[in-house]
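K.L.:
File query.cif follows (mmCIF, C-alpha atoms):
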data_query
#
loop_
_atom_site.label_atom_id
_atom_site.label_comp_id
_atom_site.auth_asym_id
_atom_site.auth_seq_id
_atom_site.Cartn_x
_atom_site.Cartn_y
_atom_site.Cartn_z
CA MET A 1 36.40 -78.15 17.99
CA THR A 2 34.24 -75.42 19.54
CA SER A 3 34.46 -74.74 23.25
CA ARG A 4 31.50 -75.49 25.50
CA LEU A 5 29.40 -72.46 26.38
CA SER A 6 28.25 -71.46 29.84
CA GLY A 7 25.66 -69.11 31.24
CA ARG A 8 21.91 -68.79 31.40
CA VAL A 9 19.25 -68.18 28.75
CA LEU A 10 15.79 -66.90 29.69
CA TYR A 11 12.75 -68.13 27.78
CA LEU A 12 9.44 -66.32 28.22
CA ASN A 13 7.01 -69.14 27.49
CA PRO A 14 3.65 -67.80 26.25
CA MET A 15 1.41 -70.40 27.94
CA ASP A 16 1.34 -72.19 31.27
CA TYR A 17 2.88 -75.65 31.15
CA GLY A 18 0.39 -78.38 30.34
CA THR A 19 -2.18 -76.18 28.61
CA ASN A 20 -0.86 -76.66 25.06
CA PRO A 21 1.29 -79.70 24.15
CA GLY A 22 2.84 -77.95 21.15
CA VAL A 23 4.04 -74.99 23.20
CA ASP A 24 5.42 -77.39 25.82
CA ALA A 25 7.32 -79.37 23.18
CA ILE A 26 8.85 -76.21 21.69
CA ALA A 27 10.27 -75.37 25.11
CA HIS A 28 11.71 -78.88 25.49
CA GLY A 29 13.33 -78.68 22.07
CA LEU A 30 14.90 -75.33 22.94
CA GLN A 31 16.07 -76.62 26.31
CA HIS A 32 17.66 -79.70 24.79
CA ARG A 33 19.58 -77.80 22.09
CA VAL A 34 21.00 -75.05 24.28
CA GLY A 35 21.68 -77.58 27.01
CA THR A 36 23.86 -79.69 24.72
CA ALA A 37 26.01 -76.57 24.22
CA GLY A 38 26.41 -76.07 27.97
CA LEU A 39 23.84 -73.32 28.48
CA GLU A 40 21.16 -73.40 31.16
CA LEU A 41 17.64 -72.59 29.99
CA ARG A 42 15.46 -70.90 32.58
CA VAL A 43 11.75 -70.73 31.73
CA VAL A 44 9.24 -68.16 32.93
CA PHE A 45 5.65 -69.10 32.13
CA ASN A 46 3.98 -65.86 31.06
CA ASP A 47 0.58 -66.98 29.80
CA PHE A 48 -0.85 -64.66 27.14
CA SER A 49 -4.28 -64.93 28.77
CA ARG A 50 -2.99 -62.79 31.67
CA ALA A 51 -4.01 -59.15 31.37
CA ASP A 52 -0.55 -58.10 32.57
CA TRP A 53 1.57 -60.35 30.36
CA ARG A 54 3.29 -57.39 28.66
CA GLU A 55 4.28 -55.75 31.94
CA ARG A 56 5.36 -59.08 33.38
CA ALA A 57 7.53 -59.79 30.32
CA ALA A 58 9.29 -56.43 30.71
CA ASN A 59 9.90 -57.05 34.43
CA LYS A 60 11.39 -60.50 33.80
CA ILE A 61 13.65 -59.15 31.06
CA ASP A 62 14.92 -56.44 33.41
CA ALA A 63 15.55 -59.09 36.06
CA ALA A 64 17.54 -61.16 33.54
CA ILE A 65 19.65 -58.11 32.75
CA ALA A 66 20.39 -57.60 36.45
CA ALA A 67 21.21 -61.31 36.85
CA LYS A 68 23.65 -61.16 33.91
CA PHE A 69 21.94 -63.70 31.66
CA ARG A 70 23.60 -64.22 28.29
CA ALA A 71 20.49 -64.35 26.13
CA ILE A 72 16.71 -64.02 26.14
CA VAL A 73 14.16 -65.81 23.98
CA ILE A 74 10.68 -64.36 23.51
CA TYR A 75 7.61 -65.69 21.73
CA VAL A 76 6.10 -62.86 19.72
CA LEU A 77 2.42 -62.33 20.50
CA ASP A 78 2.19 -58.56 20.09
CA PRO A 79 4.63 -57.50 17.33
CA LEU A 80 5.29 -54.20 19.14
CA GLN A 81 5.92 -55.57 22.64
CA PRO A 82 8.07 -55.80 24.74
CA ALA A 83 10.18 -53.49 22.56
CA ALA A 84 11.54 -51.18 25.25
CA ALA A 85 12.64 -54.00 27.55
CA VAL A 86 14.29 -55.86 24.68
CA ALA A 87 16.17 -52.70 23.71
CA ARG A 88 17.42 -52.37 27.29
CA ALA A 89 18.61 -55.98 27.25
CA ARG A 90 20.48 -55.57 24.00
CA ARG A 91 22.14 -52.34 25.19
CA ALA A 92 23.28 -54.28 28.26
CA GLY A 93 24.97 -56.85 26.01
CA LEU A 94 22.39 -59.65 26.09
CA ARG A 95 21.42 -61.36 22.87
CA VAL A 96 17.69 -61.50 22.20
CA PHE A 97 15.97 -64.01 19.92
CA SER A 98 12.34 -64.62 19.05
CA PHE A 99 9.88 -67.17 17.83
CA GLU A 100 8.21 -65.22 15.00
CA ARG A 101 9.50 -61.83 13.86
CA PRO A 102 8.63 -58.71 15.87
CA ARG A 103 8.50 -55.12 14.62
CA PHE A 104 11.49 -54.18 16.79
CA GLN A 105 15.14 -55.16 16.59
CA VAL A 106 16.32 -58.53 17.87
CA ASP A 107 19.42 -60.56 17.10
CA GLY A 108 17.50 -63.30 15.30
CA SER A 109 14.05 -64.77 14.72
CA LEU A 110 12.69 -68.15 13.77
CA VAL A 111 9.63 -67.74 11.57
CA TYR A 112 7.02 -70.39 10.81
CA PRO A 113 5.63 -71.44 7.39
CA ASN A 114 2.14 -70.78 8.76
CA PHE A 115 0.48 -69.73 5.51
CA ASN A 116 1.81 -72.74 3.62
CA GLN A 117 0.74 -75.15 6.33
CA GLY A 118 -2.75 -73.67 6.41
CA THR A 119 -3.07 -73.96 2.65
CA TYR A 120 -1.92 -77.57 2.65
CA MET A 121 -4.33 -78.46 5.49
CA ALA A 122 -7.27 -77.10 3.53
CA GLU A 123 -6.17 -78.87 0.35
CA HIS A 124 -5.91 -82.13 2.30
CA LEU A 125 -9.51 -81.74 3.43
CA ALA A 126 -10.66 -80.75 -0.07
CA ASP A 127 -9.26 -84.02 -1.42
CA ARG A 128 -11.65 -85.83 0.93
CA LEU A 129 -14.77 -83.82 0.08
CA GLN A 130 -16.85 -83.28 -3.04
CA PRO A 131 -16.27 -80.12 -5.12
CA GLY A 132 -18.36 -77.27 -3.74
CA ALA A 133 -18.71 -78.88 -0.31
CA THR A 134 -19.60 -76.48 2.50
CA VAL A 135 -16.82 -75.79 4.98
CA ALA A 136 -16.43 -73.61 8.09
CA VAL A 137 -13.09 -72.39 9.43
CA VAL A 138 -12.47 -71.90 13.15
CA GLY A 139 -10.01 -69.08 13.84
CA GLY A 140 -7.77 -68.53 16.84
CA PRO A 141 -6.31 -65.81 19.05
CA LYS A 142 -5.26 -62.54 17.45
CA ILE A 143 -1.55 -63.31 17.36
CA ILE A 144 0.88 -63.41 14.45
CA ASP A 145 1.31 -67.12 13.79
CA ASP A 146 -2.35 -68.02 14.27
CA ASP A 147 -3.60 -65.25 11.97
CA GLU A 148 -1.07 -66.25 9.30
CA LEU A 149 -2.16 -69.87 9.61
CA VAL A 150 -5.84 -68.99 9.27
CA ALA A 151 -5.09 -66.82 6.23
CA GLY A 152 -3.47 -69.88 4.63
CA ILE A 153 -6.46 -72.05 5.51
CA VAL A 154 -8.82 -69.54 3.90
CA ASN A 155 -6.61 -69.43 0.82
CA GLY A 156 -6.58 -73.22 0.56
CA VAL A 157 -10.33 -73.59 1.08
CA ASP A 158 -11.22 -70.90 -1.43
CA ARG A 159 -8.89 -71.97 -4.20
CA SER A 160 -9.77 -75.67 -3.81
CA GLY A 161 -13.35 -75.20 -4.96
CA LEU A 162 -14.95 -75.53 -1.55
CA HIS A 163 -17.74 -73.26 -0.34
CA ARG A 164 -16.57 -71.39 2.77
CA VAL A 165 -19.53 -70.24 4.84
CA ASN A 166 -17.83 -67.95 7.38
CA ASP A 167 -15.05 -65.44 7.94
CA PRO A 168 -12.78 -66.81 10.70
CA ALA A 169 -11.41 -63.30 11.34
CA GLU A 170 -14.72 -62.39 13.01
CA ASP A 171 -14.62 -62.66 16.78
CA LYS A 172 -17.57 -65.05 17.00
CA TYR A 173 -15.70 -67.59 14.87
CA ARG A 174 -12.44 -67.41 16.87
CA ASN A 175 -11.31 -69.64 19.72
CA GLU A 176 -9.59 -66.83 21.60
CA THR A 177 -8.62 -69.13 24.48
CA ASP A 178 -6.53 -71.50 22.33
CA LEU A 179 -7.87 -74.31 24.56
CA ARG A 180 -10.19 -77.29 24.02
CA PRO A 181 -13.22 -75.90 25.93
CA GLY A 182 -13.04 -72.69 23.91
CA GLY A 183 -12.90 -74.75 20.74
CA ARG A 184 -16.08 -76.55 21.74
CA GLU A 185 -17.90 -73.29 22.45
CA THR A 186 -16.86 -71.74 19.14
CA ALA A 187 -17.75 -74.89 17.20
CA LEU A 188 -21.18 -75.02 18.85
CA ARG A 189 -21.88 -71.45 17.70
CA ILE A 190 -20.85 -72.33 14.16
CA LEU A 191 -22.89 -75.52 14.09
CA ALA A 192 -25.96 -73.66 15.33
CA GLU A 193 -25.59 -71.02 12.63
CA PHE A 194 -24.87 -73.42 9.76
CA PRO A 195 -27.16 -76.48 9.86
CA HIS A 196 -25.41 -78.12 6.90
CA LEU A 197 -21.65 -78.49 6.85
CA ASP A 198 -19.51 -81.08 5.11
CA GLY A 199 -16.24 -80.07 6.71
CA MET A 200 -14.61 -77.89 9.37
CA VAL A 201 -11.04 -76.64 9.67
CA PRO A 202 -10.21 -75.78 13.29
CA PHE A 203 -6.95 -73.85 13.20
CA ASN A 204 -5.16 -76.09 15.71
CA ASP A 205 -5.44 -79.42 17.50
CA GLU A 206 -6.81 -78.14 20.80
CA THR A 207 -9.57 -76.35 18.91
CA MET A 208 -10.13 -79.48 16.83
CA LEU A 209 -10.58 -81.61 19.95
CA GLY A 210 -13.19 -79.15 21.19
CA THR A 211 -14.81 -79.27 17.75
CA LEU A 212 -15.03 -83.06 17.98
CA ASP A 213 -16.73 -82.63 21.35
CA ALA A 214 -19.26 -80.27 19.75
CA LEU A 215 -19.86 -82.59 16.80
CA ALA A 216 -20.51 -85.53 19.13
CA GLU A 217 -22.79 -83.41 21.30
CA THR A 218 -24.90 -82.33 18.30
CA GLY A 219 -24.92 -85.68 16.48
CA ARG A 220 -22.99 -84.30 13.51
CA GLU A 221 -19.95 -86.53 13.59
CA SER A 222 -20.12 -87.05 9.82
CA VAL A 223 -18.56 -83.58 9.40
CA LYS A 224 -14.94 -84.09 8.35
CA VAL A 225 -12.21 -82.16 10.17
CA VAL A 226 -8.50 -81.46 9.79
CA SER A 227 -6.18 -79.43 12.02
CA ARG A 228 -2.59 -78.44 12.78
CA ASN A 229 0.09 -79.30 15.33
CA GLY A 230 0.46 -83.08 15.45
CA THR A 231 -0.23 -83.41 19.18
CA PRO A 232 -0.71 -86.89 20.67
CA LYS A 233 -4.48 -86.57 21.18
CA ALA A 234 -4.95 -85.29 17.65
CA VAL A 235 -2.92 -88.20 16.29
CA GLN A 236 -5.14 -90.54 18.30
CA ALA A 237 -8.18 -88.90 16.69
CA VAL A 238 -6.68 -89.79 13.31
CA ARG A 239 -6.20 -93.38 14.46
CA ASP A 240 -9.80 -93.45 15.64
CA ARG A 241 -10.99 -92.15 12.23
CA ARG A 242 -12.50 -89.06 13.86
CA SER A 243 -10.09 -86.69 12.08
CA GLU A 244 -8.88 -86.64 8.49
CA GLY A 245 -5.46 -85.48 9.59
CA THR A 246 -3.29 -83.27 11.78
CA TRP A 247 -0.34 -81.32 10.39
CA ASP A 248 2.66 -82.27 12.53
CA ILE A 249 4.69 -79.07 12.94
CA ASN A 250 7.57 -80.93 14.65
CA ALA A 251 7.32 -78.73 17.74
CA PRO A 252 10.56 -80.00 19.35
CA GLY A 253 12.32 -79.27 16.06
CA ILE A 254 11.03 -75.69 16.19
CA GLY A 255 12.57 -75.20 19.61
CA ALA A 256 15.80 -76.86 18.53
CA ALA A 257 16.04 -74.69 15.41
CA LEU A 258 15.94 -71.48 17.42
CA GLY A 259 18.32 -73.08 19.89
CA ASP A 260 20.76 -73.59 17.01
CA MET A 261 20.60 -69.87 16.29
CA VAL A 262 21.20 -68.93 19.92
CA VAL A 263 24.20 -71.25 20.19
CA ARG A 264 25.69 -70.09 16.90
CA HIS A 265 25.47 -66.43 17.86
CA LEU A 266 26.98 -66.98 21.29
CA GLU A 267 29.78 -69.19 19.95
CA SER A 268 30.84 -66.98 17.07
CA GLY A 269 29.77 -63.47 17.97
CA TRP A 270 27.59 -63.46 14.89
CA PRO A 271 27.60 -59.80 13.73
CA GLU A 272 24.32 -59.70 11.82
CA VAL A 273 21.28 -58.28 13.59
CA GLY A 274 17.84 -59.47 12.54
CA GLU A 275 18.83 -62.89 11.24
CA LEU A 276 15.86 -64.89 10.00
CA ALA A 277 15.55 -68.66 9.84
CA LEU A 278 12.59 -70.80 8.80
CA GLY A 279 11.13 -73.39 11.13
CA PRO A 280 10.34 -76.96 10.02
CA ILE A 281 7.60 -77.36 7.42
CA GLY A 282 6.36 -80.58 9.01
CA GLN A 283 3.95 -83.05 7.41
CA MET A 284 0.35 -84.19 7.44
CA ILE A 285 -0.36 -87.20 9.64
CA ASP A 286 -3.32 -89.14 8.28
CA SER A 287 -4.57 -92.70 8.05
CA ALA A 288 -1.87 -93.55 5.51
CA ASN A 289 1.14 -92.77 7.73
CA VAL A 290 -0.17 -92.56 11.29
CA GLY A 291 1.42 -95.90 12.12
CA ARG A 292 4.87 -94.40 11.51
CA TRP A 293 4.31 -91.28 13.61
CA LYS A 294 7.00 -90.75 16.25
CA PRO A 295 5.87 -89.01 19.46
CA TRP A 296 7.55 -85.69 20.19
CA SER A 297 8.87 -86.95 23.53
CA GLU A 298 10.86 -89.58 21.61
CA ARG A 299 12.45 -86.98 19.33
CA VAL A 300 14.16 -85.05 22.15
CA PRO A 301 14.32 -85.75 25.89
CA PHE A 302 11.50 -84.05 27.78
CA ALA A 303 13.54 -83.20 30.86
CA ARG A 304 11.95 -81.10 33.58
CA LEU A 305 12.01 -77.42 32.64
CA ALA A 306 13.87 -75.17 35.09
CA GLU A 307 11.27 -72.61 36.11
CA GLY A 308 12.10 -69.07 37.21
CA LEU A 309 15.27 -67.05 36.95
CA GLY A 310 17.24 -69.19 39.39
CA TYR A 311 19.80 -67.80 41.76
CA GLY A 312 22.68 -65.35 41.44
#
Show me the file's structure as structure tokens.

P.N.:
Amino acid sequence: MTSRLSGRVLYLNPMDYGTNPGVDAIAHGLQHRVGTAGLELRVVFNDFSRADWRERAANKIDAAIAAKFRAIVIYVLDPLQPAAAVARARRAGLRVFSFERPRFQVDGSLVYPNFNQGTYMAEHLADRLQPGATVAVVGGPKIIDDDELVAGIVNGVDRSGLHRVNDPAEDKYRNETDLRPGGRETALRILAEFPHLDGMVPFNDETMLGTLDALAETGRESVKVVSRNGTPKAVQAVRDRRSEGTWDINAPGIGAALGDMVVRHLESGWPEVGELALGPIGQMIDSANVGRWKPWSERVPFARLAEGLGYG
């Protein structure tokens, strides 16, 4: 029987709490898993929309070193940052782990099957449209997981015989905010440019909800949509027949999976640097299975997150 761990783990959460349900649920899954092993998760909300998020991340990592934390978890937005601060932490004996794989050395990373999920989303929509139907793709912020996801969506749309009208890598077709209002604004630009669309693939649920707002505003609610994350409001849109489906990424399971890695390394002194593990593949939630969908907050306890570095 393994002994119970002790000590603190810092998580640099990439968005303010309440702005993205998926990001929130990942943090709760991580908190629950490390907490069951006896570790205390401390969360610093370091929203990527802040101009100084890189500097702030480095400062918080240095503070965790001084406070003798046992481990740090980062969410990779820029694959080259915060490399120097992470190197300092690892030299000081802290273990560092990441959601997505950076271009600098960490003890372990959980990577997402973004490309596959994007492909499957597009194929799901293609099954509900006529061959050659016109489709627009709404891209997201210029970060690793979102760009990989959009690349998969483009792959799925193009190889499924649909007619893609735009390049979601262009700035005007991206929802850089990752929030619902930004999704609406981007969708309105697309709808104004393309007067005939059969389908749209917003890269995530928040963008999809904004897209639904834009479709209602312009009287084009016949356009079929599909998205990713499996958030409660997106699931409700499926129930209401306003969405063809949302890919449930099992966000609490993502957090728990990286938590498993953290616990395993701290328990066993795992010698390998750069361990990679794959996050959950998830599943499409559509009209056929929406009645069996289990809310994320029922998969793990959503206890209050401990914000800040704490004392001592």

K.L.:
Do you have, as a Markdown table, the list of residues of stretch 152-200 of chain A lying at most 12 Å from stretch 231-248 of chain A, each with its nearest atom pair and that distance in Å to one decimal, counting all atoms listed in the file and ordered by chain then number?

P.N.:
| residue | atom | partner | partner_atom | distance |
| --- | --- | --- | --- | --- |
| A:Arg180 | CA | A:Lys233 | CA | 11.3 |
| A:Gly199 | CA | A:Glu244 | CA | 10.0 |
| A:Met200 | CA | A:Ser243 | CA | 10.3 |

K.L.:
State, in Å with one decimal place, the distance from atom CA of A:Gly219 to atom CA of A:Arg174.

P.N.:
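Answer for the atom CA of A:Gly219 to atom CA of A:Arg174 separation: 22.1 Å.
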
K.L.:
Measuring between only C-alpha atoms, which one of A:Val157, A:Met15, A:Ala122, A:Val9 shows the shortest distance to A:Ile61?

P.N.:
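Selected residue with least distance to A:Ile61: A:Val9.
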
K.L.:
Run the PyMOL selection byres ((chain A and resi 16-32) around 6) against the file shown and list the residues it catches, as a ChimeraX atom specification.

P.N.:
/A:15,33-35,41,45,47,251-252,254-256,259,302

K.L.:
Can I get the selection written as a PDB file, in the coordinates of the input, with C-alpha atoms?

P.N.:
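Saved file again-v7.pdb follows:
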ATOM      1  CA  MET A  15       1.410 -70.400  27.940  1.00  0.00           C
ATOM      2  CA  ARG A  33      19.580 -77.800  22.090  1.00  0.00           C
ATOM      3  CA  VAL A  34      21.000 -75.050  24.280  1.00  0.00           C
ATOM      4  CA  GLY A  35      21.680 -77.580  27.010  1.00  0.00           C
ATOM      5  CA  LEU A  41      17.640 -72.590  29.990  1.00  0.00           C
ATOM      6  CA  PHE A  45       5.650 -69.100  32.130  1.00  0.00           C
ATOM      7  CA  ASP A  47       0.580 -66.980  29.800  1.00  0.00           C
ATOM      8  CA  ALA A 251       7.320 -78.730  17.740  1.00  0.00           C
ATOM      9  CA  PRO A 252      10.560 -80.000  19.350  1.00  0.00           C
ATOM     10  CA  ILE A 254      11.030 -75.690  16.190  1.00  0.00           C
ATOM     11  CA  GLY A 255      12.570 -75.200  19.610  1.00  0.00           C
ATOM     12  CA  ALA A 256      15.800 -76.860  18.530  1.00  0.00           C
ATOM     13  CA  GLY A 259      18.320 -73.080  19.890  1.00  0.00           C
ATOM     14  CA  PHE A 302      11.500 -84.050  27.780  1.00  0.00           C
TER      15      PHE A 302
END

K.L.:
Just the number, please: distance in Å from atom CA of A:Leu276 to atom CA of A:Asp107, one decimal.

P.N.:
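Straight-line distance from atom CA of A:Leu276 to atom CA of A:Asp107 works out to 9.0 Å.
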
K.L.:
Which value, in Å to one decimal, gives the distance between atom CA of A:Ile74 and atom CA of A:Thr186?

P.N.:
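About the pair atom CA of A:Ile74 and atom CA of A:Thr186: they are 28.8 Å apart.
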